[in-house]
Each structure stands twice: as C-alpha cells, then as structure tokens.
Protein chains: 4
Amino acid sequence: MSQVEPSRLGAEEIQALFDRSPFIAFMGLKVLSLDHDKSILIARMPLRPELERRPGTRQFHGGPIASFIDVVGDFAIGMLVGGGVPTINLRIDYLRPAVGYYVDASAVVRRAGRSTAVIDIDVCDPDGKLLAIGRGLYSPVKG
Amino acid sequence: MSQVEPSRLGAEEIQALFDRSPFIAFMGLKVLSLDHDKSILIARMPLRPELERRPGTRQFHGGPIASFIDVVGDFAIGMLVGGGVPTINLRIDYLRPAVGYYVDASAVVRRAGRSTAVIDIDVCDPDGKLLAIGRGLYSPVKG
Amino acid sequence: MSQVEPSRLGAEEIQALFDRSPFIAFMGLKVLSLDHDKSILIARMPLRPELERRPGTRQFHGGPIASFIDVVGDFAIGMLVGGGVPTINLRIDYLRPAVGYYVDASAVVRRAGRSTAVIDIDVCDPDGKLLAIGRGLYSPVKG
Amino acid sequence: MSQVEPSRLGAEEIQALFDRSPFIAFMGLKVLSLDHDKSILIARMPLRPELERRPGTRQFHGGPIASFIDVVGDFAIGMLVGGGVPTINLRIDYLRPAVGYYVDASAVVRRAGRSTAVIDIDVCDPDGKLLAIGRGLYSPVKG
C-alpha cells in the first residue's frame, strides 16, 4: 500500500495557489506539468502588454523573467512541502532577449536539505531556445 | 568651462524612460535622486495590489523586488551612458519580508569597465530597514 | 575535408597549461576527458594535505572546491578558444561536505556569445554524489 | 556590568584557527583587525609563488582570491559565533587583475538571521584599488 503524502501538491493545487497570489495571477502563470519523483515543475508565462520592455516589441522585460524563474523554482520545492516557500537568494543569467508570445520554464531540485533547497530553472522560448537560466536557494518550509 | 556629456541622463529623462517602458510603468517606479559623480541612483516602488504576494498583506512578492533591483541597477549605469542597458546577470538576497506602502532602492556602480559594469543595489523600507540586496552585472552599452 | 580549427585544445594541451600555472599545478588538477562538440570538460582534483579544511579529516576546504570549479569552467570555454580566459564572475553552491581522496568536476558551456560565456560546473565525489555546483561567466577571449 | 559573550573570538583566536586549518595556513592569511560591533573583519593574503596564475607575473590566480573571500567572509560571522561556519553559497565578481605582493580583504555582515547570514567582502590591492568583490551566504552556526 502506498504511503500517503498529504503535503504534495498536484498541478491543480499549484495552479490554484498561483491564481490566489495577486502577483503570480497578474503574470498569468500556467502550470504545464510536474513530476514529483524527479522534482521537476514546468510552467508557462504568456506575454501580456504590461510585461514588455518596450512597447510593441514583444520582448519580455528582464523583471518578469526573473520573477517567473523565482516562482517556478519556488514551487518545484513547494510542491513537495505543501505550498510556496521563502526565497533566500536567486541568481539569474540572461542569455538571449526573450521575444515571443510566451516563455516556458522548467525547474528541477538539485539538492533538498533540511534547511535549504537549491533549484535550477531554465527558461526557453516556444522553439526550445534557452533564454535565461536561474539558480535559487529556498527554505524548504511552507512560508 | 565644463565638458559637455550629452550621454548623461537627468532625473526627468530617466523618469520619462521609466514611464515609456510598459513593465517599469506598471511597477510605478519613481526616480527620487541621483548623483552622477558618485554613480548613485535612488528610486521608489509604491505597493500596488498586483504586486502583493498574498492578497491584503501589503507584502511585496519577491518578483517585483527582484525587478525593482534590476531596473534601478540598470539605470545607475544607464544614466551615464544614455539609456537602459542589457542585464547580464543578477543576484538577489532576500533579507526580510518587504511589507509596507513602498520600498526604496539605492544603486551604486562598484566598477564600470569597457565591457561590463558591476552594480550594488540596496532595498529598504520607509524606516530605512534593509529588506533585500542585489548585485548585478550589466553591459555598459545602451541596449 | 574537415575544417582546421587551430584554436581548439586537446586534453594534453590543457594538461600542459594546467601544469604550467603555479596555482593549478599546486592543486594537482588532471584532465580526465573532453568533448569539443558538446563543450564538456571533465577533470579531477586529488586531495593533498594542504587542501584540507581541518587536519586529518580528508575534507576539502571550500576554497579549493571554488578554485577547482573556476578552473574547469574556465577551460570548458578556453579549450574552444585556445587558452585560459578571464573569469568575470563565479557563483558556487556548496551542497554537501567534500570528503574523500579526490573530487571530479564536469563543466558544460550553457551559452557562448561573442563577449561572454556561461558555464555550469558540477563537482562530485568518487561515488558520483553531487557535492557542489558552480556557474561562471567568462570572457571567451584567451587572456 | 558588561555581559560576557564567550562565543566572540578575538584577533589572536581567529589567527590561531587560520593557522590550524591546513588550507588557510597554506594561503598564509593574517588577521589585520576586527570590530565586533560593526561586524567587520579585515585580513591579508601575501603572494606566495604557488598562488600565481602564471609564473613570475605576481598575478594571483582567481582561485586564491575566491578562497580568500570565502574565508574572510566566513570569519566575519564566525568571530561572532565562536568558529568557522559552513558556507552555503558565494558569488565572486572579478573587477581587475590582482597583481602585487599582497591583497587585503574587508568583510562586513549585511544581515545575520537565525539560519543564514549574508556577508559582503571587498578585496583591494595595497593602494586600496578594488580588485574583486564577494557576497556570501553562510550558516551562522559553528561548523
């Protein structure tokens, strides 16, 4: 008989938490898929006009890209502990301009210890081209 | 007679660039002061409901804090070269929850080389308590 | 007929450069393998007593781990351009104490642009357990 | 009557811990001064031939600079809690080549919480020119 793990969140529960957070809801993040065993969470951020760097360019400002990385990394560990967790620090490398109608992020837990978790996050455009990479340290305790 | 440096931006010019960028305008950033000789730029981000982590808490989500740090750091070097510049990479350390009606950021150029500039950014609450610190590497070329 | 790429370094050439650098030679780094097409370089650092954090513990100090990450990341891009390159910045996350007779590092180029290259570096113990991860920004010009 | 704080380390005690660690002793680090109330620690690293990037250049390799930053940052919080502490993560920005007979580092605690401490570290040459800056997250518990 499988062990009950009530703290794990499914895609619908994460989406509900996204929609309840004013800022995440504003960004319009959508959960695409997740894998608890591999500790991977994938989500999408559509371009809305307020996220543009310059009007009409369809280029995301770097701020929303950093925010997207933060949130997807957060819930890659958060989905294992039952909710969003505090970010301790965050590192973003911008590799290419993020131009397009949406971007996708894939976050994977590299190490989950008792007091910290390290998550890697890749952001790609619709063609799978790498746009930015993030690495975050999170507190693995529901905040 | 003083040398003409047409690439330098004053507070009103930076504010105009802020207002023209859809994302920076959405965040509502206001230039407070600047010092070209000390390479310091100070700005404010008021809380608007969409920036909250959870509704009604007056706590800024970490994403807007990271975005605010990115922008103020960017224009600390950008004000010397005539406009916003590409962010190469960024580190954010979250020190305390950012709760309140606004936060202020102060960015200082630590080193401006020919191909990169390193900027430190402190974010404080209205009482001057340090909430988050950022360090960013920027390309010192108007992007 | 294949194109001549005189700037590419083979394993023996990298090893010769390692041995010629006083600090890298002191650390005793050994090239294990490389793949130019995948932009991957793998190397080993044996424990020598001077690298211990505390005497007799066989635990590497974090400084040599950071140094090892820096060098292997450096030559992952350097092997493509003909020599060691300047490190612009470096991020290290320590995941577990590094205890043992040697550690291995694997570096992969995530993005090589004209003016910067981003490299990810994983450090493992002899059992393949992840000890530390690094991410470095390098200037892709022989320094 | 002043409160006894037995966990605080003076300059001689830190120097003794430096000398007892094989790697720190190898680097030859010397405590120059400290201020518990301002949480500042200043130390020196002399050039020894094994620390050179290339023989005879008097340029420190970036690895020893990163290691120096790590150690001085570590003991800026460690001097308040009674010993060296685990480094969680570290960012180094290299600003200028480090050439000379010694370099000095000054570390200041930006924030000491219950489970993490953030430290900033500046490395200067004998003329006070800034060579590299570091920012580290440490566990504020004697390790």
# chains A, B, ... in the order shown; residues from 1 in each chain; ligands from 1

$ interface_residues --of "chain A" --to "chain C" --cutoff "12 Å" --atoms "only C-alpha atoms" --output "JSON, numbers by chain"
{"A": [89, 90, 91, 92, 93, 94, 95, 96, 109, 110, 111, 112, 113, 114, 115, 116, 117, 118, 119, 120, 122, 129, 130, 131, 132, 133, 134, 135, 136, 137]}

$ closest_atom_pairs --of "range 37-93 of chain C" --to "range 10-27 of chain C" --cutoff "8 Å" --atoms "only C-alpha atoms" --output "CSV"
residue,atom,partner,partner_atom,distance
C:Met45,CA,C:Met27,CA,6.8
C:Pro46,CA,C:Met27,CA,7.8
C:Arg48,CA,C:Met27,CA,7.8
C:Leu51,CA,C:Met27,CA,8.0
C:Pro64,CA,C:Met27,CA,7.6
C:Val71,CA,C:Ile24,CA,7.8
C:Phe75,CA,C:Ile14,CA,7.6
C:Met79,CA,C:Ile14,CA,7.2
C:Gly83,CA,C:Leu17,CA,7.8

$ write_last_selection --atoms "N, CA and C atoms" --output "CSV table (one decimal), in the first residue's frame"
chain,number,residue,atom,x,y,z
C,45,MET,N,40.5,16.5,-9.1
C,45,MET,CA,41.4,17.2,-8.1
C,45,MET,C,41.6,16.2,-7.0
C,46,PRO,N,42.9,15.7,-6.8
C,46,PRO,CA,43.2,14.8,-5.7
C,46,PRO,C,43.3,15.6,-4.4
C,48,ARG,N,45.3,16.8,-1.5
C,48,ARG,CA,46.6,16.8,-0.9
C,48,ARG,C,46.4,17.5,0.5
C,51,LEU,N,45.1,21.0,1.2
C,51,LEU,CA,43.7,21.4,0.7
C,51,LEU,C,42.7,21.1,1.8
C,64,PRO,N,39.5,25.4,-2.2
C,64,PRO,CA,39.9,24.6,-3.3
C,64,PRO,C,38.7,24.1,-4.2
C,71,VAL,N,38.5,26.8,-12.5
C,71,VAL,CA,39.4,26.4,-13.5
C,71,VAL,C,38.8,25.5,-14.5
C,75,PHE,N,38.3,26.4,-18.6
C,75,PHE,CA,38.9,25.7,-19.7
C,75,PHE,C,37.8,25.0,-20.6
C,79,MET,N,39.1,25.8,-23.9
C,79,MET,CA,39.6,24.7,-24.9
C,79,MET,C,39.0,25.0,-26.3
C,83,GLY,N,43.0,28.7,-24.9
C,83,GLY,CA,43.8,29.0,-23.7
C,83,GLY,C,42.9,29.5,-22.6

$ calpha_fit_and_write --fixed "chain B" --moving "chain A" --output "PDB file with C-alpha atoms, in the first residue's frame"
ATOM      1  CA  MET A   1      34.506  75.574 -19.273  1.00  0.00           C
ATOM      2  CA  SER A   2      32.866  72.321 -18.360  1.00  0.00           C
ATOM      3  CA  GLN A   3      32.896  69.426 -20.774  1.00  0.00           C
ATOM      4  CA  VAL A   4      29.607  68.594 -22.435  1.00  0.00           C
ATOM      5  CA  GLU A   5      28.493  65.031 -21.682  1.00  0.00           C
ATOM      6  CA  PRO A   6      25.385  64.549 -23.750  1.00  0.00           C
ATOM      7  CA  SER A   7      25.034  60.877 -22.846  1.00  0.00           C
ATOM      8  CA  ARG A   8      24.257  61.619 -19.171  1.00  0.00           C
ATOM      9  CA  LEU A   9      20.614  61.426 -18.214  1.00  0.00           C
ATOM     10  CA  GLY A  10      18.968  63.614 -15.582  1.00  0.00           C
ATOM     11  CA  ALA A  11      16.179  62.546 -13.261  1.00  0.00           C
ATOM     12  CA  GLU A  12      13.425  63.707 -15.608  1.00  0.00           C
ATOM     13  CA  GLU A  13      14.884  61.851 -18.542  1.00  0.00           C
ATOM     14  CA  ILE A  14      15.178  58.633 -16.546  1.00  0.00           C
ATOM     15  CA  GLN A  15      11.619  59.064 -15.310  1.00  0.00           C
ATOM     16  CA  ALA A  16      10.459  59.518 -18.908  1.00  0.00           C
ATOM     17  CA  LEU A  17      12.212  56.270 -19.884  1.00  0.00           C
ATOM     18  CA  PHE A  18      10.620  54.511 -16.890  1.00  0.00           C
ATOM     19  CA  ASP A  19       7.183  55.744 -17.950  1.00  0.00           C
ATOM     20  CA  ARG A  20       7.703  54.661 -21.547  1.00  0.00           C
ATOM     21  CA  SER A  21       8.604  51.057 -20.651  1.00  0.00           C
ATOM     22  CA  PRO A  22       5.383  49.092 -20.202  1.00  0.00           C
ATOM     23  CA  PHE A  23       6.769  46.962 -17.373  1.00  0.00           C
ATOM     24  CA  ILE A  24       8.547  49.749 -15.475  1.00  0.00           C
ATOM     25  CA  ALA A  25       5.478  51.939 -15.837  1.00  0.00           C
ATOM     26  CA  PHE A  26       3.331  49.109 -14.496  1.00  0.00           C
ATOM     27  CA  MET A  27       5.568  48.877 -11.432  1.00  0.00           C
ATOM     28  CA  GLY A  28       5.118  52.627 -10.982  1.00  0.00           C
ATOM     29  CA  LEU A  29       8.800  53.377 -10.311  1.00  0.00           C
ATOM     30  CA  LYS A  30       9.689  56.934  -9.360  1.00  0.00           C
ATOM     31  CA  VAL A  31      13.163  58.448  -9.519  1.00  0.00           C
ATOM     32  CA  LEU A  32      13.967  60.079  -6.179  1.00  0.00           C
ATOM     33  CA  SER A  33      17.496  61.364  -6.683  1.00  0.00           C
ATOM     34  CA  LEU A  34      20.769  60.718  -8.438  1.00  0.00           C
ATOM     35  CA  ASP A  35      24.401  61.683  -8.297  1.00  0.00           C
ATOM     36  CA  HIS A  36      26.400  61.233 -11.475  1.00  0.00           C
ATOM     37  CA  ASP A  37      29.756  61.778  -9.785  1.00  0.00           C
ATOM     38  CA  LYS A  38      29.130  59.168  -7.111  1.00  0.00           C
ATOM     39  CA  SER A  39      27.228  56.968  -9.620  1.00  0.00           C
ATOM     40  CA  ILE A  40      24.246  56.593  -7.298  1.00  0.00           C
ATOM     41  CA  LEU A  41      20.599  56.336  -8.299  1.00  0.00           C
ATOM     42  CA  ILE A  42      17.717  56.184  -5.808  1.00  0.00           C
ATOM     43  CA  ALA A  43      14.145  55.259  -6.736  1.00  0.00           C
ATOM     44  CA  ARG A  44      10.863  54.248  -5.146  1.00  0.00           C
ATOM     45  CA  MET A  45       8.354  51.475  -5.854  1.00  0.00           C
ATOM     46  CA  PRO A  46       4.889  51.993  -4.363  1.00  0.00           C
ATOM     47  CA  LEU A  47       2.811  48.979  -3.441  1.00  0.00           C
ATOM     48  CA  ARG A  48       0.017  48.364  -5.899  1.00  0.00           C
ATOM     49  CA  PRO A  49      -2.313  45.461  -5.247  1.00  0.00           C
ATOM     50  CA  GLU A  50      -0.973  43.415  -8.168  1.00  0.00           C
ATOM     51  CA  LEU A  51       2.489  43.369  -6.557  1.00  0.00           C
ATOM     52  CA  GLU A  52       1.364  41.592  -3.389  1.00  0.00           C
ATOM     53  CA  ARG A  53       2.480  38.085  -2.559  1.00  0.00           C
ATOM     54  CA  ARG A  54      -0.825  37.302  -0.861  1.00  0.00           C
ATOM     55  CA  PRO A  55      -3.932  39.467  -1.006  1.00  0.00           C
ATOM     56  CA  GLY A  56      -4.291  42.125   1.652  1.00  0.00           C
ATOM     57  CA  THR A  57      -0.952  41.486   3.342  1.00  0.00           C
ATOM     58  CA  ARG A  58       0.858  44.542   1.937  1.00  0.00           C
ATOM     59  CA  GLN A  59       3.830  42.190   1.425  1.00  0.00           C
ATOM     60  CA  PHE A  60       5.565  42.668  -1.914  1.00  0.00           C
ATOM     61  CA  HIS A  61       6.143  39.439  -3.816  1.00  0.00           C
ATOM     62  CA  GLY A  62       9.834  38.692  -4.317  1.00  0.00           C
ATOM     63  CA  GLY A  63       9.434  39.061  -8.090  1.00  0.00           C
ATOM     64  CA  PRO A  64       8.738  42.792  -8.017  1.00  0.00           C
ATOM     65  CA  ILE A  65      11.597  43.237  -5.543  1.00  0.00           C
ATOM     66  CA  ALA A  66      13.958  41.480  -7.973  1.00  0.00           C
ATOM     67  CA  SER A  67      12.554  43.520 -10.856  1.00  0.00           C
ATOM     68  CA  PHE A  68      12.969  46.762  -8.920  1.00  0.00           C
ATOM     69  CA  ILE A  69      16.580  45.859  -8.135  1.00  0.00           C
ATOM     70  CA  ASP A  70      17.208  45.044 -11.785  1.00  0.00           C
ATOM     71  CA  VAL A  71      15.824  48.358 -13.052  1.00  0.00           C
ATOM     72  CA  VAL A  72      17.474  50.656 -10.521  1.00  0.00           C
ATOM     73  CA  GLY A  73      20.796  48.893 -11.006  1.00  0.00           C
ATOM     74  CA  ASP A  74      20.378  49.134 -14.753  1.00  0.00           C
ATOM     75  CA  PHE A  75      19.837  52.878 -14.767  1.00  0.00           C
ATOM     76  CA  ALA A  76      22.647  53.538 -12.268  1.00  0.00           C
ATOM     77  CA  ILE A  77      24.976  52.727 -15.145  1.00  0.00           C
ATOM     78  CA  GLY A  78      22.421  53.601 -17.843  1.00  0.00           C
ATOM     79  CA  MET A  79      22.215  57.210 -16.643  1.00  0.00           C
ATOM     80  CA  LEU A  80      25.916  57.535 -17.485  1.00  0.00           C
ATOM     81  CA  VAL A  81      25.636  56.066 -20.974  1.00  0.00           C
ATOM     82  CA  GLY A  82      22.335  57.471 -22.144  1.00  0.00           C
ATOM     83  CA  GLY A  83      19.695  54.788 -21.671  1.00  0.00           C
ATOM     84  CA  GLY A  84      18.743  51.378 -20.352  1.00  0.00           C
ATOM     85  CA  VAL A  85      21.391  48.691 -20.813  1.00  0.00           C
ATOM     86  CA  PRO A  86      21.274  44.875 -21.039  1.00  0.00           C
ATOM     87  CA  THR A  87      21.453  42.980 -17.752  1.00  0.00           C
ATOM     88  CA  ILE A  88      23.972  40.144 -18.009  1.00  0.00           C
ATOM     89  CA  ASN A  89      23.308  38.576 -14.643  1.00  0.00           C
ATOM     90  CA  LEU A  90      21.661  39.442 -11.382  1.00  0.00           C
ATOM     91  CA  ARG A  91      21.998  38.206  -7.802  1.00  0.00           C
ATOM     92  CA  ILE A  92      19.314  38.880  -5.183  1.00  0.00           C
ATOM     93  CA  ASP A  93      19.471  38.148  -1.453  1.00  0.00           C
ATOM     94  CA  TYR A  94      16.181  38.462   0.376  1.00  0.00           C
ATOM     95  CA  LEU A  95      16.843  39.534   3.956  1.00  0.00           C
ATOM     96  CA  ARG A  96      13.421  40.331   5.400  1.00  0.00           C
ATOM     97  CA  PRO A  97       9.788  40.282   4.199  1.00  0.00           C
ATOM     98  CA  ALA A  98       9.069  43.498   2.279  1.00  0.00           C
ATOM     99  CA  VAL A  99       5.919  44.804   3.914  1.00  0.00           C
ATOM    100  CA  GLY A 100       4.680  48.362   3.519  1.00  0.00           C
ATOM    101  CA  TYR A 101       3.263  51.021   1.231  1.00  0.00           C
ATOM    102  CA  TYR A 102       6.504  51.481  -0.673  1.00  0.00           C
ATOM    103  CA  VAL A 103      10.134  50.426  -0.818  1.00  0.00           C
ATOM    104  CA  ASP A 104      13.181  52.441  -1.861  1.00  0.00           C
ATOM    105  CA  ALA A 105      16.257  51.240  -3.702  1.00  0.00           C
ATOM    106  CA  SER A 106      19.675  52.786  -3.845  1.00  0.00           C
ATOM    107  CA  ALA A 107      22.066  51.606  -6.552  1.00  0.00           C
ATOM    108  CA  VAL A 108      25.772  52.363  -6.746  1.00  0.00           C
ATOM    109  CA  VAL A 109      28.249  51.479  -9.477  1.00  0.00           C
ATOM    110  CA  ARG A 110      31.058  49.430  -7.929  1.00  0.00           C
ATOM    111  CA  ARG A 111      33.070  49.096 -11.131  1.00  0.00           C
ATOM    112  CA  ALA A 112      32.467  50.286 -14.660  1.00  0.00           C
ATOM    113  CA  GLY A 113      34.778  48.681 -17.189  1.00  0.00           C
ATOM    114  CA  ARG A 114      34.638  48.802 -20.957  1.00  0.00           C
ATOM    115  CA  SER A 115      32.561  45.683 -21.386  1.00  0.00           C
ATOM    116  CA  THR A 116      30.869  45.169 -18.007  1.00  0.00           C
ATOM    117  CA  ALA A 117      29.685  47.172 -15.025  1.00  0.00           C
ATOM    118  CA  VAL A 118      29.025  45.807 -11.536  1.00  0.00           C
ATOM    119  CA  ILE A 119      26.282  47.513  -9.546  1.00  0.00           C
ATOM    120  CA  ASP A 120      25.197  47.028  -5.916  1.00  0.00           C
ATOM    121  CA  ILE A 121      21.596  47.723  -5.009  1.00  0.00           C
ATOM    122  CA  ASP A 122      20.084  47.993  -1.515  1.00  0.00           C
ATOM    123  CA  VAL A 123      16.321  47.902  -0.957  1.00  0.00           C
ATOM    124  CA  CYS A 124      14.939  49.437   2.230  1.00  0.00           C
ATOM    125  CA  ASP A 125      11.557  49.971   3.786  1.00  0.00           C
ATOM    126  CA  PRO A 126      10.309  53.462   4.746  1.00  0.00           C
ATOM    127  CA  ASP A 127      12.173  53.204   8.079  1.00  0.00           C
ATOM    128  CA  GLY A 128      15.456  52.486   6.335  1.00  0.00           C
ATOM    129  CA  LYS A 129      15.490  48.825   7.339  1.00  0.00           C
ATOM    130  CA  LEU A 130      17.328  46.700   4.800  1.00  0.00           C
ATOM    131  CA  LEU A 131      14.961  44.258   3.049  1.00  0.00           C
ATOM    132  CA  ALA A 132      16.958  42.877   0.146  1.00  0.00           C
ATOM    133  CA  ILE A 133      20.284  43.402  -1.571  1.00  0.00           C
ATOM    134  CA  GLY A 134      21.174  42.896  -5.193  1.00  0.00           C
ATOM    135  CA  ARG A 135      24.288  42.770  -7.273  1.00  0.00           C
ATOM    136  CA  GLY A 136      24.082  42.958 -11.029  1.00  0.00           C
ATOM    137  CA  LEU A 137      26.399  42.720 -13.962  1.00  0.00           C
ATOM    138  CA  TYR A 138      25.370  44.942 -16.834  1.00  0.00           C
ATOM    139  CA  SER A 139      26.680  45.712 -20.282  1.00  0.00           C
ATOM    140  CA  PRO A 140      27.572  49.423 -20.167  1.00  0.00           C
ATOM    141  CA  VAL A 141      26.271  49.985 -23.693  1.00  0.00           C
ATOM    142  CA  LYS A 142      22.841  51.474 -24.349  1.00  0.00           C
ATOM    143  CA  GLY A 143      20.707  48.512 -25.423  1.00  0.00           C
TER     144      GLY A 143
END

$ select_by_dssp --residues "range 2-95 of chain B" --states "helix (DSSP H, G or I)" --output "VMD selection string"
chain B and resid 11 to 20 22 to 27 49 to 51 62 to 81

$ select_by_dssp --residues "range 13-141 of chain D" --states "strand (DSSP E)" --output "mmCIF file with C-alpha atoms, in the first residue's frame"
data_model
loop_
_atom_site.group_PDB
_atom_site.id
_atom_site.type_symbol
_atom_site.label_atom_id
_atom_site.label_comp_id
_atom_site.auth_asym_id
_atom_site.auth_seq_id
_atom_site.Cartn_x
_atom_site.Cartn_y
_atom_site.Cartn_z
ATOM 1 C CA LYS D 30 46.864 37.174 8.507
ATOM 2 C CA VAL D 31 44.187 38.897 10.581
ATOM 3 C CA LEU D 32 44.724 42.657 10.421
ATOM 4 C CA SER D 33 41.838 43.997 12.504
ATOM 5 C CA LEU D 34 38.259 43.399 13.524
ATOM 6 C CA ASP D 35 35.312 45.211 15.014
ATOM 7 C CA ILE D 40 33.875 43.861 10.225
ATOM 8 C CA LEU D 41 36.894 41.624 9.743
ATOM 9 C CA ILE D 42 39.996 42.632 7.764
ATOM 10 C CA ALA D 43 42.735 40.219 6.705
ATOM 11 C CA ARG D 44 45.728 39.990 4.363
ATOM 12 C CA MET D 45 46.895 37.364 1.894
ATOM 13 C CA PRO D 46 50.542 37.613 0.842
ATOM 14 C CA THR D 87 29.490 28.462 3.511
ATOM 15 C CA ILE D 88 26.131 27.947 1.794
ATOM 16 C CA ASN D 89 26.807 29.880 -1.382
ATOM 17 C CA LEU D 90 29.130 32.502 -2.726
ATOM 18 C CA ARG D 91 29.356 34.967 -5.588
ATOM 19 C CA ILE D 92 32.647 36.475 -6.716
ATOM 20 C CA ASP D 93 32.991 39.361 -9.158
ATOM 21 C CA TYR D 94 36.490 39.874 -10.520
ATOM 22 C CA TYR D 102 49.667 41.056 -1.109
ATOM 23 C CA VAL D 103 45.951 41.753 -1.160
ATOM 24 C CA ASP D 104 43.641 42.781 1.688
ATOM 25 C CA ALA D 105 40.032 41.808 2.249
ATOM 26 C CA SER D 106 37.420 43.543 4.336
ATOM 27 C CA ALA D 107 34.255 41.620 5.198
ATOM 28 C CA VAL D 108 31.097 43.073 6.706
ATOM 29 C CA VAL D 109 27.977 41.292 7.879
ATOM 30 C CA ARG D 110 24.987 42.726 6.000
ATOM 31 C CA ARG D 111 22.392 40.624 7.792
ATOM 32 C CA ALA D 112 22.664 37.926 10.434
ATOM 33 C CA ALA D 117 23.999 35.365 7.386
ATOM 34 C CA VAL D 118 24.823 37.485 4.343
ATOM 35 C CA ILE D 119 28.334 38.909 4.146
ATOM 36 C CA ASP D 120 29.931 41.346 1.689
ATOM 37 C CA ILE D 121 33.646 41.138 1.076
ATOM 38 C CA ASP D 122 35.866 43.646 -0.764
ATOM 39 C CA VAL D 123 39.382 42.761 -1.909
ATOM 40 C CA CYS D 124 41.839 45.595 -2.520
ATOM 41 C CA LEU D 130 39.218 47.425 -5.597
ATOM 42 C CA LEU D 131 40.163 44.113 -7.259
ATOM 43 C CA ALA D 132 37.264 41.798 -6.529
ATOM 44 C CA ILE D 133 34.063 41.726 -4.522
ATOM 45 C CA GLY D 134 32.280 38.803 -2.976
ATOM 46 C CA ARG D 135 28.914 38.141 -1.435
ATOM 47 C CA GLY D 136 28.392 35.008 0.594
ATOM 48 C CA LEU D 137 25.607 33.264 2.419
ATOM 49 C CA TYR D 138 26.769 31.422 5.496
#

$ decode --residues "range 23-85 of chain A" --atoms "C-alpha atoms" --output "short mmCIF file (atom, residue, chain, number, x, y, z; two decimals), in the first residue's frame"
data_model
loop_
_atom_site.label_atom_id
_atom_site.label_comp_id
_atom_site.auth_asym_id
_atom_site.auth_seq_id
_atom_site.Cartn_x
_atom_site.Cartn_y
_atom_site.Cartn_z
CA PHE A 23 1.39 38.98 -8.39
CA ILE A 24 1.51 35.45 -9.82
CA ALA A 25 -2.04 35.86 -11.10
CA PHE A 26 -1.04 39.14 -12.72
CA MET A 27 1.80 37.38 -14.53
CA GLY A 28 -0.73 34.80 -15.72
CA LEU A 29 1.43 31.75 -14.95
CA LYS A 30 0.09 28.38 -16.01
CA VAL A 31 1.29 25.02 -14.70
CA LEU A 32 2.11 22.76 -17.64
CA SER A 33 3.35 19.59 -15.96
CA LEU A 34 5.16 18.24 -12.94
CA ASP A 35 6.94 15.15 -11.75
CA HIS A 36 7.22 14.70 -8.00
CA ASP A 37 9.72 11.85 -8.24
CA LYS A 38 12.10 13.77 -10.48
CA SER A 39 11.27 17.04 -8.65
CA ILE A 40 10.54 18.88 -11.89
CA LEU A 41 7.94 21.59 -12.43
CA ILE A 42 7.20 23.18 -15.82
CA ALA A 43 5.12 26.32 -16.29
CA ARG A 44 4.30 28.95 -18.89
CA MET A 45 4.19 32.75 -18.83
CA PRO A 46 2.23 34.37 -21.66
CA LEU A 47 3.21 37.82 -22.85
CA ARG A 48 0.81 40.47 -21.68
CA PRO A 49 1.45 44.04 -22.75
CA GLU A 50 2.44 45.17 -19.25
CA LEU A 51 5.36 42.70 -19.28
CA GLU A 52 7.08 44.25 -22.30
CA ARG A 53 10.40 46.01 -22.03
CA ARG A 54 9.47 48.46 -24.77
CA PRO A 55 6.01 48.88 -26.26
CA GLY A 56 5.14 46.71 -29.22
CA THR A 57 8.39 44.76 -29.28
CA ARG A 58 7.01 41.53 -27.77
CA GLN A 59 10.24 41.44 -25.72
CA PHE A 60 9.69 40.50 -22.09
CA HIS A 61 11.37 42.83 -19.62
CA GLY A 62 14.03 41.08 -17.55
CA GLY A 63 12.00 41.67 -14.38
CA PRO A 64 9.17 39.32 -15.33
CA ILE A 65 11.73 36.75 -16.46
CA ALA A 66 13.40 36.92 -13.03
CA SER A 67 10.00 36.76 -11.34
CA PHE A 68 8.96 33.77 -13.44
CA ILE A 69 12.19 31.98 -12.53
CA ASP A 70 11.64 32.76 -8.86
CA VAL A 71 8.09 31.39 -8.82
CA VAL A 72 8.70 28.21 -10.79
CA GLY A 73 11.78 27.45 -8.72
CA ASP A 74 9.83 28.14 -5.56
CA PHE A 75 7.05 25.70 -6.37
CA ALA A 76 9.46 22.99 -7.58
CA ILE A 77 10.31 22.54 -3.91
CA GLY A 78 7.00 23.98 -2.67
CA MET A 79 5.02 21.23 -4.41
CA LEU A 80 6.85 18.72 -2.20
CA VAL A 81 6.20 20.56 1.06
CA GLY A 82 2.69 21.83 0.54
CA GLY A 83 2.91 25.46 -0.53
CA GLY A 84 5.04 28.41 -1.55
CA VAL A 85 8.30 28.78 0.37
#
